[in-house]
$ cat data.cif   # mmCIF, C-alpha atoms
data_data
#
loop_
_atom_site.label_atom_id
_atom_site.label_comp_id
_atom_site.auth_asym_id
_atom_site.auth_seq_id
_atom_site.Cartn_x
_atom_site.Cartn_y
_atom_site.Cartn_z
CA MET A 1 -9.49 -101.28 -1.11
CA LYS A 2 -6.08 -99.85 -1.91
CA LEU A 3 -6.01 -98.26 1.54
CA LEU A 4 -6.83 -101.58 3.19
CA SER A 5 -4.04 -103.34 1.32
CA ILE A 6 -1.61 -100.58 2.30
CA ALA A 7 -2.66 -100.97 5.92
CA ILE A 8 -2.37 -104.76 6.01
CA GLY A 9 0.94 -104.51 4.18
CA ALA A 10 2.40 -102.03 6.62
CA ILE A 11 1.24 -103.84 9.76
CA LEU A 12 1.82 -107.46 8.89
CA VAL A 13 3.39 -108.28 5.55
CA ASN A 14 6.09 -105.62 5.34
CA ASN A 15 6.34 -104.87 9.02
CA PHE A 16 8.76 -101.97 9.49
CA ILE A 17 10.94 -103.72 12.01
CA LEU A 18 10.65 -107.38 11.24
CA SER A 19 10.88 -107.35 7.50
CA GLN A 20 12.29 -103.97 6.52
CA PHE A 21 14.77 -103.41 9.36
CA LEU A 22 13.70 -99.83 9.96
CA GLY A 23 13.78 -98.57 13.53
CA ILE A 24 15.86 -101.33 15.09
CA CYS A 25 17.63 -98.99 17.54
CA PRO A 26 14.55 -98.07 19.62
CA PHE A 27 13.22 -101.60 19.11
CA MET A 28 16.26 -103.00 20.87
CA GLY A 29 16.80 -100.08 23.21
CA VAL A 30 13.44 -99.60 24.90
CA SER A 31 11.90 -103.04 24.80
CA LYS A 32 13.06 -104.24 28.20
CA LYS A 33 9.83 -103.28 29.93
CA MET A 34 6.28 -103.49 28.66
CA ASP A 35 5.10 -100.01 29.67
CA THR A 36 8.05 -98.19 28.09
CA ALA A 37 7.58 -100.27 24.95
CA VAL A 38 3.94 -99.21 24.72
CA GLY A 39 4.94 -95.56 25.27
CA MET A 40 7.52 -95.70 22.52
CA GLY A 41 5.10 -97.38 20.16
CA VAL A 42 2.44 -94.73 20.66
CA ALA A 43 4.94 -91.90 20.26
CA VAL A 44 6.38 -93.39 17.06
CA THR A 45 2.92 -94.02 15.56
CA PHE A 46 1.93 -90.43 16.23
CA VAL A 47 5.11 -88.95 14.79
CA MET A 48 5.04 -91.24 11.74
CA GLY A 49 1.48 -90.21 10.94
CA VAL A 50 2.17 -86.50 11.26
CA ALA A 51 5.51 -86.77 9.47
CA SER A 52 3.89 -88.52 6.50
CA ALA A 53 1.40 -85.69 6.14
CA VAL A 54 3.97 -82.92 6.50
CA THR A 55 6.62 -84.43 4.25
CA TYR A 56 3.98 -84.90 1.55
CA ALA A 57 3.48 -81.13 1.53
CA VAL A 58 7.23 -80.49 1.71
CA ASN A 59 7.80 -82.76 -1.27
CA LEU A 60 5.24 -80.83 -3.36
CA LEU A 61 7.02 -77.62 -2.44
CA LEU A 62 10.45 -79.04 -3.33
CA ILE A 63 9.22 -80.25 -6.71
CA ARG A 64 7.71 -76.87 -7.47
CA LEU A 65 11.03 -75.20 -6.62
CA GLY A 66 12.97 -77.78 -8.64
CA LEU A 67 14.95 -78.77 -5.55
CA ASP A 68 13.92 -82.40 -5.27
CA TYR A 69 17.57 -83.52 -4.92
CA MET A 70 17.49 -81.82 -1.50
CA GLN A 71 14.82 -84.29 -0.36
CA THR A 72 16.85 -86.10 2.30
CA VAL A 73 18.13 -82.89 3.89
CA ALA A 74 14.71 -81.26 3.84
CA TYR A 75 12.95 -84.33 5.26
CA ILE A 76 15.30 -84.81 8.17
CA LEU A 77 15.11 -81.12 9.06
CA VAL A 78 11.32 -81.20 8.91
CA ILE A 79 11.22 -84.31 11.08
CA ALA A 80 13.63 -82.85 13.64
CA ALA A 81 11.61 -79.63 13.82
CA LEU A 82 8.37 -81.59 13.99
CA VAL A 83 9.54 -83.72 16.88
CA GLN A 84 10.69 -80.63 18.75
CA PHE A 85 7.36 -78.95 18.07
CA ILE A 86 5.32 -81.94 19.19
CA GLU A 87 7.39 -82.09 22.34
CA MET A 88 6.65 -78.45 23.20
CA PHE A 89 3.00 -78.79 22.23
CA LEU A 90 2.46 -81.84 24.41
CA GLN A 91 4.26 -80.21 27.31
CA LYS A 92 1.83 -77.30 27.19
CA VAL A 93 -1.43 -79.03 26.28
CA VAL A 94 -1.28 -82.64 27.46
CA PRO A 95 1.31 -82.70 30.26
CA ALA A 96 0.26 -86.20 31.32
CA LEU A 97 1.08 -87.67 27.92
CA TYR A 98 4.26 -85.58 27.79
CA SER A 99 5.60 -86.97 31.03
CA ALA A 100 4.67 -90.48 29.95
CA LEU A 101 6.51 -90.19 26.62
CA GLY A 102 9.16 -87.84 28.00
CA ILE A 103 12.51 -89.29 27.11
CA TYR A 104 11.32 -91.15 24.03
CA LEU A 105 10.25 -88.14 22.05
CA PRO A 106 13.70 -86.68 21.28
CA LEU A 107 14.94 -90.15 20.36
CA ILE A 108 12.41 -90.37 17.55
CA THR A 109 14.32 -87.86 15.40
CA THR A 110 16.99 -90.45 14.74
CA ASN A 111 14.53 -93.31 14.29
CA CYS A 112 15.00 -94.55 10.75
CA ALA A 113 11.39 -95.71 10.58
CA VAL A 114 10.21 -92.08 10.48
CA LEU A 115 12.58 -90.95 7.74
CA GLY A 116 12.01 -94.29 6.04
CA VAL A 117 8.26 -93.85 5.87
CA ALA A 118 8.66 -90.36 4.42
CA LEU A 119 11.06 -91.56 1.73
CA GLN A 120 8.94 -94.58 0.88
CA ASN A 121 5.82 -92.47 0.50
CA THR A 122 7.63 -90.37 -2.06
CA GLN A 123 9.15 -93.35 -3.85
CA ASN A 124 5.85 -95.18 -4.10
CA GLY A 125 4.07 -92.06 -5.30
CA TYR A 126 1.34 -92.31 -2.67
CA THR A 127 -1.38 -89.68 -2.54
CA PHE A 128 -1.94 -87.61 0.59
CA ILE A 129 -4.47 -89.99 2.14
CA GLN A 130 -2.43 -93.05 1.23
CA SER A 131 0.70 -91.47 2.75
CA VAL A 132 -1.03 -90.78 6.04
CA VAL A 133 -2.54 -94.27 6.16
CA TYR A 134 0.85 -95.81 5.41
CA GLY A 135 2.48 -93.70 8.13
CA VAL A 136 -0.08 -94.51 10.83
CA THR A 137 -0.34 -98.21 10.04
CA GLY A 138 3.43 -98.47 9.77
CA GLY A 139 3.55 -97.04 13.27
CA LEU A 140 0.95 -99.55 14.43
CA GLY A 141 3.06 -102.34 12.97
CA PHE A 142 6.03 -100.97 14.91
CA THR A 143 3.95 -100.91 18.09
CA LEU A 144 2.76 -104.47 17.55
CA ALA A 145 6.30 -105.72 17.03
CA ILE A 146 7.75 -103.86 20.01
CA ILE A 147 4.96 -105.05 22.34
CA LEU A 148 5.40 -108.67 21.29
CA PHE A 149 9.12 -108.35 21.68
CA ALA A 150 8.92 -106.67 25.09
CA SER A 151 6.75 -109.45 26.47
CA VAL A 152 9.21 -112.05 25.17
CA ARG A 153 12.11 -110.19 26.76
CA GLU A 154 10.37 -109.81 30.10
CA ARG A 155 10.03 -113.57 30.29
CA LEU A 156 13.57 -114.16 29.11
CA ALA A 157 14.89 -111.91 31.85
CA ALA A 158 12.87 -113.79 34.46
CA ASN A 159 14.22 -117.24 33.69
CA SER A 160 17.07 -117.31 31.27
CA ASP A 161 19.46 -120.18 31.27
CA CYS A 162 21.82 -119.54 28.41
CA PRO A 163 25.56 -119.43 27.75
CA LYS A 164 27.19 -116.39 29.31
CA CYS A 165 28.35 -114.86 26.06
CA PHE A 166 24.79 -114.88 24.69
CA GLU A 167 23.38 -112.94 27.61
CA GLY A 168 21.79 -109.58 26.88
CA PHE A 169 21.97 -108.30 23.37
CA PRO A 170 22.73 -111.44 21.34
CA LEU A 171 19.87 -113.30 22.98
CA ALA A 172 17.55 -110.39 22.24
CA LEU A 173 18.60 -110.40 18.59
CA ILE A 174 18.00 -114.09 18.26
CA SER A 175 14.55 -113.88 19.83
CA ALA A 176 13.79 -111.01 17.45
CA GLY A 177 14.90 -113.29 14.64
CA LEU A 178 12.41 -115.93 15.75
CA ILE A 179 9.61 -113.36 15.84
CA ALA A 180 10.63 -112.28 12.33
CA LEU A 181 10.45 -115.92 11.28
CA ALA A 182 6.90 -116.10 12.61
CA PHE A 183 5.99 -112.91 10.76
CA MET A 184 7.23 -114.44 7.51
CA GLY A 185 4.05 -116.47 7.66
CA PHE A 186 2.16 -113.34 6.62
CA GLN A 187 4.21 -113.13 3.44
CA GLY A 188 1.55 -114.85 1.37
CA LEU A 189 -1.23 -112.53 2.48
CA ARG A 190 -2.70 -110.56 -0.44
CA ILE A 191 -5.70 -108.29 -0.37
CA GLY A 192 -7.23 -106.56 -3.33
CA MET B 1 47.41 -89.05 19.05
CA ASN B 2 47.49 -92.77 19.40
CA PHE B 3 46.79 -94.24 16.01
CA LYS B 4 47.34 -97.84 16.97
CA LYS B 5 44.95 -97.69 19.91
CA GLN B 6 42.29 -95.90 17.86
CA PHE B 7 42.61 -98.53 15.17
CA LYS B 8 42.22 -101.38 17.63
CA ASP B 9 39.26 -99.60 19.25
CA GLY B 10 37.53 -99.13 15.92
CA LEU B 11 38.12 -102.67 14.77
CA LEU B 12 37.43 -104.61 17.94
CA THR B 13 37.25 -103.26 21.46
CA GLN B 14 35.04 -100.29 20.56
CA ASN B 15 33.66 -101.67 17.31
CA PRO B 16 30.68 -99.50 16.34
CA VAL B 17 28.36 -102.41 15.58
CA LEU B 18 29.53 -105.26 17.77
CA VAL B 19 30.34 -103.38 20.96
CA GLN B 20 28.70 -99.97 20.79
CA LEU B 21 25.63 -101.54 19.14
CA LEU B 22 25.10 -98.62 16.76
CA GLY B 23 23.81 -98.70 13.21
CA MET B 24 21.96 -102.00 13.49
CA CYS B 25 19.35 -101.29 10.85
CA SER B 26 21.62 -101.05 7.84
CA THR B 27 23.90 -103.79 9.15
CA MET B 28 21.12 -106.32 9.09
CA ALA B 29 19.19 -105.04 6.11
CA ILE B 30 21.75 -104.85 3.33
CA THR B 31 24.19 -107.65 4.12
CA THR B 32 22.87 -110.13 1.60
CA THR B 33 25.66 -110.03 -0.99
CA LEU B 34 29.32 -109.08 -0.74
CA PHE B 35 28.97 -106.22 -3.20
CA ASN B 36 26.26 -104.56 -1.08
CA GLY B 37 28.35 -104.87 2.06
CA ILE B 38 31.48 -103.34 0.54
CA GLY B 39 29.51 -100.56 -1.14
CA MET B 40 27.65 -99.64 2.03
CA GLY B 41 30.83 -99.86 4.12
CA VAL B 42 32.76 -97.57 1.81
CA ALA B 43 29.87 -95.10 1.60
CA VAL B 44 29.52 -94.92 5.39
CA THR B 45 33.29 -94.66 5.92
CA PHE B 46 33.50 -91.79 3.44
CA ILE B 47 30.61 -89.92 5.05
CA LEU B 48 31.96 -90.61 8.53
CA ILE B 49 35.39 -89.16 7.69
CA CYS B 50 33.95 -86.08 5.97
CA SER B 51 31.41 -85.32 8.67
CA ASN B 52 33.94 -85.91 11.46
CA VAL B 53 36.38 -83.46 9.83
CA VAL B 54 33.76 -80.78 9.20
CA ILE B 55 32.20 -81.09 12.64
CA SER B 56 35.59 -81.01 14.28
CA LEU B 57 36.41 -77.83 12.32
CA LEU B 58 33.15 -76.24 13.38
CA ARG B 59 33.19 -77.48 16.95
CA LYS B 60 33.95 -74.04 18.40
CA VAL B 61 31.40 -72.25 16.21
CA ILE B 62 28.31 -74.42 16.73
CA PRO B 63 26.32 -73.36 19.80
CA SER B 64 25.81 -76.36 22.05
CA LYS B 65 22.03 -75.97 22.18
CA ILE B 66 21.44 -76.63 18.51
CA ARG B 67 24.43 -78.90 17.94
CA ILE B 68 22.44 -82.03 17.11
CA ALA B 69 20.47 -80.22 14.42
CA ALA B 70 23.69 -78.75 13.03
CA TYR B 71 25.35 -82.17 12.94
CA ILE B 72 22.37 -83.65 11.14
CA VAL B 73 22.49 -80.94 8.47
CA VAL B 74 26.21 -81.55 7.87
CA ILE B 75 25.68 -85.31 7.68
CA ALA B 76 22.62 -84.99 5.44
CA GLY B 77 24.64 -82.84 3.04
CA PHE B 78 27.30 -85.51 2.62
CA VAL B 79 24.73 -88.28 2.38
CA THR B 80 22.97 -86.47 -0.45
CA MET B 81 26.29 -86.12 -2.28
CA VAL B 82 27.04 -89.82 -1.94
CA ASP B 83 23.50 -90.74 -2.95
CA LEU B 84 23.62 -88.68 -6.14
CA LEU B 85 27.15 -89.83 -7.04
CA MET B 86 26.15 -93.44 -6.56
CA GLN B 87 23.03 -93.03 -8.69
CA ALA B 88 25.19 -91.57 -11.45
CA PHE B 89 28.16 -93.93 -11.41
CA LEU B 90 27.02 -97.15 -9.72
CA PRO B 91 23.32 -97.45 -10.59
CA ALA B 92 23.23 -101.19 -9.83
CA LEU B 93 24.56 -100.71 -6.31
CA SER B 94 22.28 -97.73 -5.75
CA GLU B 95 19.34 -99.87 -6.83
CA SER B 96 20.12 -102.74 -4.49
CA LEU B 97 20.86 -100.57 -1.44
CA GLY B 98 17.76 -98.50 -2.19
CA ILE B 99 16.34 -96.57 0.71
CA PHE B 100 19.26 -97.40 2.98
CA ILE B 101 21.52 -94.84 1.29
CA PRO B 102 19.43 -91.79 2.29
CA LEU B 103 18.88 -93.48 5.65
CA ILE B 104 22.61 -93.18 6.41
CA VAL B 105 21.56 -89.74 7.70
CA VAL B 106 19.98 -91.34 10.74
CA ASN B 107 22.63 -94.04 11.10
CA CYS B 108 23.55 -93.72 14.75
CA ILE B 109 27.23 -94.45 14.09
CA ILE B 110 27.79 -91.14 12.34
CA LEU B 111 25.81 -88.99 14.74
CA GLY B 112 27.25 -90.92 17.66
CA ARG B 113 30.86 -90.35 16.60
CA ALA B 114 30.12 -86.68 15.89
CA GLU B 115 28.75 -86.23 19.38
CA ALA B 116 31.19 -88.46 21.25
CA PHE B 117 34.43 -87.77 19.40
CA ALA B 118 34.54 -85.10 16.70
CA SER B 119 32.98 -82.41 18.86
CA LYS B 120 35.75 -82.75 21.43
CA ASN B 121 38.90 -83.57 19.45
CA SER B 122 41.23 -82.04 16.88
CA VAL B 123 40.64 -82.34 13.14
CA ALA B 124 43.40 -84.90 12.55
CA ALA B 125 42.30 -87.14 15.41
CA SER B 126 38.68 -86.95 14.21
CA ALA B 127 39.68 -87.92 10.69
CA VAL B 128 41.58 -90.92 12.04
CA ASP B 129 38.62 -91.82 14.21
CA GLY B 130 36.39 -91.68 11.14
CA ILE B 131 38.72 -94.00 9.23
CA CYS B 132 39.03 -96.50 12.09
CA GLN B 133 35.36 -96.64 12.97
CA GLY B 134 34.48 -96.81 9.28
CA ILE B 135 36.82 -99.75 8.78
CA GLY B 136 35.36 -101.46 11.85
CA TYR B 137 31.86 -101.07 10.41
CA THR B 138 32.92 -102.26 6.96
CA VAL B 139 34.64 -105.35 8.35
CA VAL B 140 31.49 -106.33 10.24
CA LEU B 141 29.40 -105.82 7.11
CA ILE B 142 31.75 -107.97 5.06
CA VAL B 143 31.79 -110.78 7.64
CA MET B 144 27.98 -110.73 7.83
CA CYS B 145 27.69 -110.69 4.03
CA VAL B 146 30.05 -113.61 3.57
CA VAL B 147 28.29 -115.73 6.21
CA ARG B 148 24.78 -114.92 5.04
CA GLU B 149 25.56 -115.27 1.37
CA PHE B 150 27.29 -118.59 1.92
CA LEU B 151 24.48 -120.05 4.01
CA GLY B 152 21.63 -118.35 2.18
CA SER B 153 22.51 -118.67 -1.48
CA GLY B 154 25.60 -120.86 -1.38
CA THR B 155 27.77 -118.37 -3.24
CA PHE B 156 30.70 -116.04 -2.57
CA GLY B 157 31.17 -112.52 -3.86
CA GLY B 158 27.66 -111.93 -5.23
CA GLY B 159 27.28 -108.82 -7.38
CA LEU B 160 31.04 -108.70 -7.88
CA LEU B 161 32.51 -112.00 -9.04
CA GLY B 162 31.44 -114.96 -11.15
CA PRO B 163 29.22 -115.10 -14.25
CA GLU B 164 26.95 -112.05 -14.53
CA GLY B 165 27.84 -111.07 -11.01
CA ALA B 166 25.93 -113.98 -9.53
CA GLY B 167 28.91 -114.95 -7.38
CA ILE B 168 31.05 -118.06 -7.25
CA ARG B 169 28.97 -121.07 -6.31
CA ILE B 170 30.32 -123.04 -3.35
CA LEU B 171 27.35 -125.07 -2.20
CA PRO B 172 25.20 -126.91 -4.77
CA GLU B 173 21.94 -125.16 -5.51
CA GLN B 174 19.65 -127.36 -3.43
CA PHE B 175 21.49 -126.97 -0.10
CA PRO B 176 21.36 -123.27 0.88
CA ALA B 177 18.70 -122.13 3.36
CA MET B 178 16.87 -119.22 1.77
CA MET B 179 16.01 -118.08 5.29
CA MET B 180 19.51 -116.71 5.86
CA ILE B 181 19.22 -113.97 3.25
CA LEU B 182 15.75 -113.04 4.49
CA PRO B 183 15.33 -110.73 7.52
CA VAL B 184 15.46 -113.67 9.93
CA GLY B 185 18.99 -114.47 8.87
CA GLY B 186 20.09 -110.93 9.61
CA PHE B 187 18.93 -111.13 13.22
CA LEU B 188 20.41 -114.57 13.77
CA THR B 189 23.79 -113.85 12.15
CA LEU B 190 24.29 -110.59 14.01
CA GLY B 191 23.22 -112.17 17.31
CA VAL B 192 25.69 -115.02 16.94
CA LEU B 193 28.45 -112.66 15.79
CA ILE B 194 28.02 -110.40 18.83
CA ALA B 195 27.98 -113.43 21.11
CA VAL B 196 31.26 -114.65 19.60
CA VAL B 197 32.89 -111.26 20.06
CA GLN B 198 31.63 -111.03 23.65
CA TYR B 199 33.02 -114.48 24.33
CA PHE B 200 36.49 -113.54 23.10
CA LEU B 201 36.50 -110.12 24.76
CA ALA B 202 35.52 -111.69 28.08
CA LYS B 203 38.22 -114.33 27.69
CA ASP B 204 40.75 -111.65 26.82
CA LYS B 205 39.86 -109.66 29.91
CA LYS B 206 40.05 -112.72 32.14
CA GLY B 207 43.48 -113.55 30.74
CA ALA B 208 44.66 -109.99 31.36
CA ASP B 209 43.38 -110.11 34.95
CA GLU B 210 45.17 -113.33 35.74
CA THR B 211 48.59 -112.34 34.43
#
$ encode --input "data.cif" --output "structure tokens"
Amino acid sequence: MKLLSIAIGAILVNNFILSQFLGICPFMGVSKKMDTAVGMGVAVTFVMGVASAVTYAVNLLLIRLGLDYMQTVAYILVIAALVQFIEMFLQKVVPALYSALGIYLPLITTNCAVLGVALQNTQNGYTFIQSVVYGVTGGLGFTLAIILFASVRERLAANSDCPKCFEGFPLALISAGLIALAFMGFQGLRIG
Amino acid sequence: MNFKKQFKDGLLTQNPVLVQLLGMCSTMAITTTLFNGIGMGVAVTFILICSNVVISLLRKVIPSKIRIAAYIVVIAGFVTMVDLLMQAFLPALSESLGIFIPLIVVNCIILGRAEAFASKNSVAASAVDGICQGIGYTVVLIVMCVVREFLGSGTFGGGLLGPEGAGIRILPEQFPAMMMILPVGGFLTLGVLIAVVQYFLAKDKKGADET
């Protein structure tokens, strides 16, 4: 039951992008086309899941060594190494997926959603399973938001009739704001 | 070294948030009260100056293949320092900024300036760049905070002024739209702010072309 409430929370209620503002850069950067948005979403979900699992172990190690103040440094290093490793692994084993995700993989290192999920897992004192579930569902929430947003932007690009100074980024931000407004409707959702 | 130009770049024409579109996450997330905005701005400016100086000093030593990882380690070191100092001396601020302090590590402004400026320029120029970009970021944060706080809770200077740090009330309690201090307000305020800046920059350019 706890797992289900974590999952619903991460996907809908506390969506990483729309209510916690984590991972805005890729959300804005790669949401112009649907297929790239899907690619980014899948890559982020994957990395967030694996990162949650690995940082859980790293945190145990840091606590044992009495170095828990080094958390931020250790986490970001682990994430950077992890992303690099996943990149090499995919290149060797699943070249099709690698070429599909290609340019998005290195970008994930500086995605605050990944570091954010690791830090939140530690702060909330989640167990191993809970951490992984939170990571994966957080990634799914990210994917959901970016897909919705990409489809809005595709239509906006096709027929936009707005003041010149609003073109491009400001318009994107405002449409994201409206999606966030819609997601506020999930605020009252409670399970378990 | 052209201090005046760098300052103008940082504040307006190359403003990290409004023009380069870096560091969106923290800009939208924490700008709910004035105190948060100033605290975050000062923290980022401090880290930006320190990391720019250190990276500029090390720019000939760091091999180009692993430079990003090296930059991140330098930045993460400073962020940890700021995080611990803030927890010790400003616990209230640390509490309200929460996870966004450690997340300064992945704030694109700092990594972006390290890559685009500090790795190619002298120590003094990098320090100045850090100051100017930091001020540009802080000013945007403060503007966003003032607008959102005014519309969202009807106060000014929350966390800093007024009784118990609740801010000075400008609008009566029933008027403010709660929405503006929720995530929605962040997106809307930043969108409008960028549009305003684009409008004036475009006008400026047009004027310069005509004369």
$ interface_residues --input "data.cif" --of "chain B" --to "chain A" --cutoff "6 Å" --atoms "only C-alpha atoms" --output "list in words"
Cys25, Ala29, Ala76, Val106, Pro183, Val184, Phe187, Leu188, Gly191, Ile194, Ala195, Gln198 and Tyr199 of chain B
$ atom_distance --input "data.cif" --atom1 "CA of Thr31 (chain B)" --atom2 "CA of Met144 (chain B)"
6.1 Å
$ closest_residue --input "data.cif" --among "B:Ser26, B:Thr189, B:Thr155, B:Thr32" --to "Tyr137 (chain B)" --atoms "only C-alpha atoms"
B:Ser26
$ resolve_selection --input "data.cif" --expression "the PyMOL selection byres ((chain A and resi 140) around 9)" --output "ChimeraX atom specification"
/A:10-11,41-42,44-45,135-139,141-145
$ write_last_selection --input "data.cif" --atoms "C-alpha atoms" --output "PDB file, keeping the file's coordinate frame"
ATOM      1  CA  ALA A  10       2.400-102.030   6.620  1.00  0.00           C
ATOM      2  CA  ILE A  11       1.240-103.840   9.760  1.00  0.00           C
ATOM      3  CA  GLY A  41       5.100 -97.380  20.160  1.00  0.00           C
ATOM      4  CA  VAL A  42       2.440 -94.730  20.660  1.00  0.00           C
ATOM      5  CA  VAL A  44       6.380 -93.390  17.060  1.00  0.00           C
ATOM      6  CA  THR A  45       2.920 -94.020  15.560  1.00  0.00           C
ATOM      7  CA  GLY A 135       2.480 -93.700   8.130  1.00  0.00           C
ATOM      8  CA  VAL A 136      -0.080 -94.510  10.830  1.00  0.00           C
ATOM      9  CA  THR A 137      -0.340 -98.210  10.040  1.00  0.00           C
ATOM     10  CA  GLY A 138       3.430 -98.470   9.770  1.00  0.00           C
ATOM     11  CA  GLY A 139       3.550 -97.040  13.270  1.00  0.00           C
ATOM     12  CA  GLY A 141       3.060-102.340  12.970  1.00  0.00           C
ATOM     13  CA  PHE A 142       6.030-100.970  14.910  1.00  0.00           C
ATOM     14  CA  THR A 143       3.950-100.910  18.090  1.00  0.00           C
ATOM     15  CA  LEU A 144       2.760-104.470  17.550  1.00  0.00           C
ATOM     16  CA  ALA A 145       6.300-105.720  17.030  1.00  0.00           C
TER      17      ALA A 145
END
$ closest_residue --input "data.cif" --among "B:Phe175, B:Phe156, B:Phe7, B:Phe78" --to "Ile142 (chain B)" --atoms "only C-alpha atoms"
B:Phe156
$ closest_residue --input "data.cif" --among "B:Ile131, B:Leu34, B:Ile68, B:Val147" --to "Ile55 (chain B)" --atoms "all atoms listed in the file"
B:Ile68
$ residues_around --input "data.cif" --residues "Ala118 (chain B)" --least-positions-apart "6" --cutoff "10 Å" --atoms "all atoms listed in the file" --output "number ranges by chain"
B: 49, 51-59, 111-112, 124-127, 129-130
$ residues_around --input "data.cif" --residues "Phe128 (chain A)" --least-positions-apart "2" --cutoff "9 Å" --atoms "all atoms listed in the file" --output "PyMOL selection string"
chain A and resi 52-53+56-57+126+130-133
$ write_last_selection --input "data.cif" --atoms "C-alpha atoms" --output "tab-separated table (two decimals), keeping the file's coordinate frame"
chain	number	residue	atom	x	y	z
A	52	SER	CA	3.89	-88.52	6.50
A	53	ALA	CA	1.40	-85.69	6.14
A	56	TYR	CA	3.98	-84.90	1.55
A	57	ALA	CA	3.48	-81.13	1.53
A	126	TYR	CA	1.34	-92.31	-2.67
A	130	GLN	CA	-2.43	-93.05	1.23
A	131	SER	CA	0.70	-91.47	2.75
A	132	VAL	CA	-1.03	-90.78	6.04
A	133	VAL	CA	-2.54	-94.27	6.16
$ closest_residue --input "data.cif" --among "A:Pro26, A:Gly125, A:Gly9, A:Gly188" --to "Val38 (chain A)" --atoms "only C-alpha atoms"
A:Pro26
$ resolve_selection --input "data.cif" --expression "the PyMOL selection byres ((chain B and resi 104) around 9)" --output "JSON, numbers by chain"
{"A": [112], "B": [23, 26, 43, 44, 47, 75, 76, 79, 100, 101, 102, 103, 105, 106, 107, 108, 110]}
$ decode --input "data.cif" --residues "region 36-47 of chain B" --atoms "N, CA, C and O atoms" --output "PDB file, in the first residue's frame"
ATOM      1  N   ASN B  36      13.812  34.076   0.592  1.00  0.00           N
ATOM      2  CA  ASN B  36      14.291  32.941  -0.194  1.00  0.00           C
ATOM      3  C   ASN B  36      15.096  33.402  -1.385  1.00  0.00           C
ATOM      4  O   ASN B  36      16.172  32.882  -1.671  1.00  0.00           O
ATOM      5  N   GLY B  37      14.544  34.379  -2.126  1.00  0.00           N
ATOM      6  CA  GLY B  37      15.193  34.832  -3.348  1.00  0.00           C
ATOM      7  C   GLY B  37      16.564  35.399  -3.071  1.00  0.00           C
ATOM      8  O   GLY B  37      17.533  35.047  -3.737  1.00  0.00           O
ATOM      9  N   ILE B  38      16.659  36.269  -2.045  1.00  0.00           N
ATOM     10  CA  ILE B  38      17.952  36.884  -1.737  1.00  0.00           C
ATOM     11  C   ILE B  38      18.931  35.812  -1.280  1.00  0.00           C
ATOM     12  O   ILE B  38      20.071  35.759  -1.729  1.00  0.00           O
ATOM     13  N   GLY B  39      18.477  34.920  -0.403  1.00  0.00           N
ATOM     14  CA  GLY B  39      19.353  33.870   0.100  1.00  0.00           C
ATOM     15  C   GLY B  39      19.904  33.012  -1.018  1.00  0.00           C
ATOM     16  O   GLY B  39      21.109  32.768  -1.112  1.00  0.00           O
ATOM     17  N   MET B  40      19.004  32.563  -1.900  1.00  0.00           N
ATOM     18  CA  MET B  40      19.424  31.710  -3.012  1.00  0.00           C
ATOM     19  C   MET B  40      20.369  32.477  -3.925  1.00  0.00           C
ATOM     20  O   MET B  40      21.386  31.950  -4.367  1.00  0.00           O
ATOM     21  N   GLY B  41      20.026  33.747  -4.221  1.00  0.00           N
ATOM     22  CA  GLY B  41      20.867  34.550  -5.109  1.00  0.00           C
ATOM     23  C   GLY B  41      22.264  34.706  -4.558  1.00  0.00           C
ATOM     24  O   GLY B  41      23.250  34.506  -5.274  1.00  0.00           O
ATOM     25  N   VAL B  42      22.365  35.021  -3.268  1.00  0.00           N
ATOM     26  CA  VAL B  42      23.684  35.212  -2.668  1.00  0.00           C
ATOM     27  C   VAL B  42      24.458  33.894  -2.672  1.00  0.00           C
ATOM     28  O   VAL B  42      25.642  33.861  -3.009  1.00  0.00           O
ATOM     29  N   ALA B  43      23.771  32.787  -2.336  1.00  0.00           N
ATOM     30  CA  ALA B  43      24.450  31.494  -2.313  1.00  0.00           C
ATOM     31  C   ALA B  43      25.006  31.161  -3.696  1.00  0.00           C
ATOM     32  O   ALA B  43      26.173  30.777  -3.843  1.00  0.00           O
ATOM     33  N   VAL B  44      24.179  31.336  -4.735  1.00  0.00           N
ATOM     34  CA  VAL B  44      24.634  30.994  -6.087  1.00  0.00           C
ATOM     35  C   VAL B  44      25.755  31.919  -6.528  1.00  0.00           C
ATOM     36  O   VAL B  44      26.745  31.467  -7.103  1.00  0.00           O
ATOM     37  N   THR B  45      25.643  33.229  -6.211  1.00  0.00           N
ATOM     38  CA  THR B  45      26.697  34.162  -6.595  1.00  0.00           C
ATOM     39  C   THR B  45      28.023  33.757  -5.959  1.00  0.00           C
ATOM     40  O   THR B  45      29.055  33.722  -6.619  1.00  0.00           O
ATOM     41  N   PHE B  46      27.971  33.444  -4.665  1.00  0.00           N
ATOM     42  CA  PHE B  46      29.189  33.042  -3.956  1.00  0.00           C
ATOM     43  C   PHE B  46      29.810  31.805  -4.612  1.00  0.00           C
ATOM     44  O   PHE B  46      31.002  31.775  -4.929  1.00  0.00           O
ATOM     45  N   ILE B  47      28.997  30.797  -4.874  1.00  0.00           N
ATOM     46  CA  ILE B  47      29.516  29.565  -5.456  1.00  0.00           C
ATOM     47  C   ILE B  47      30.053  29.831  -6.860  1.00  0.00           C
ATOM     48  O   ILE B  47      31.094  29.309  -7.256  1.00  0.00           O
TER      49      ILE B  47
END
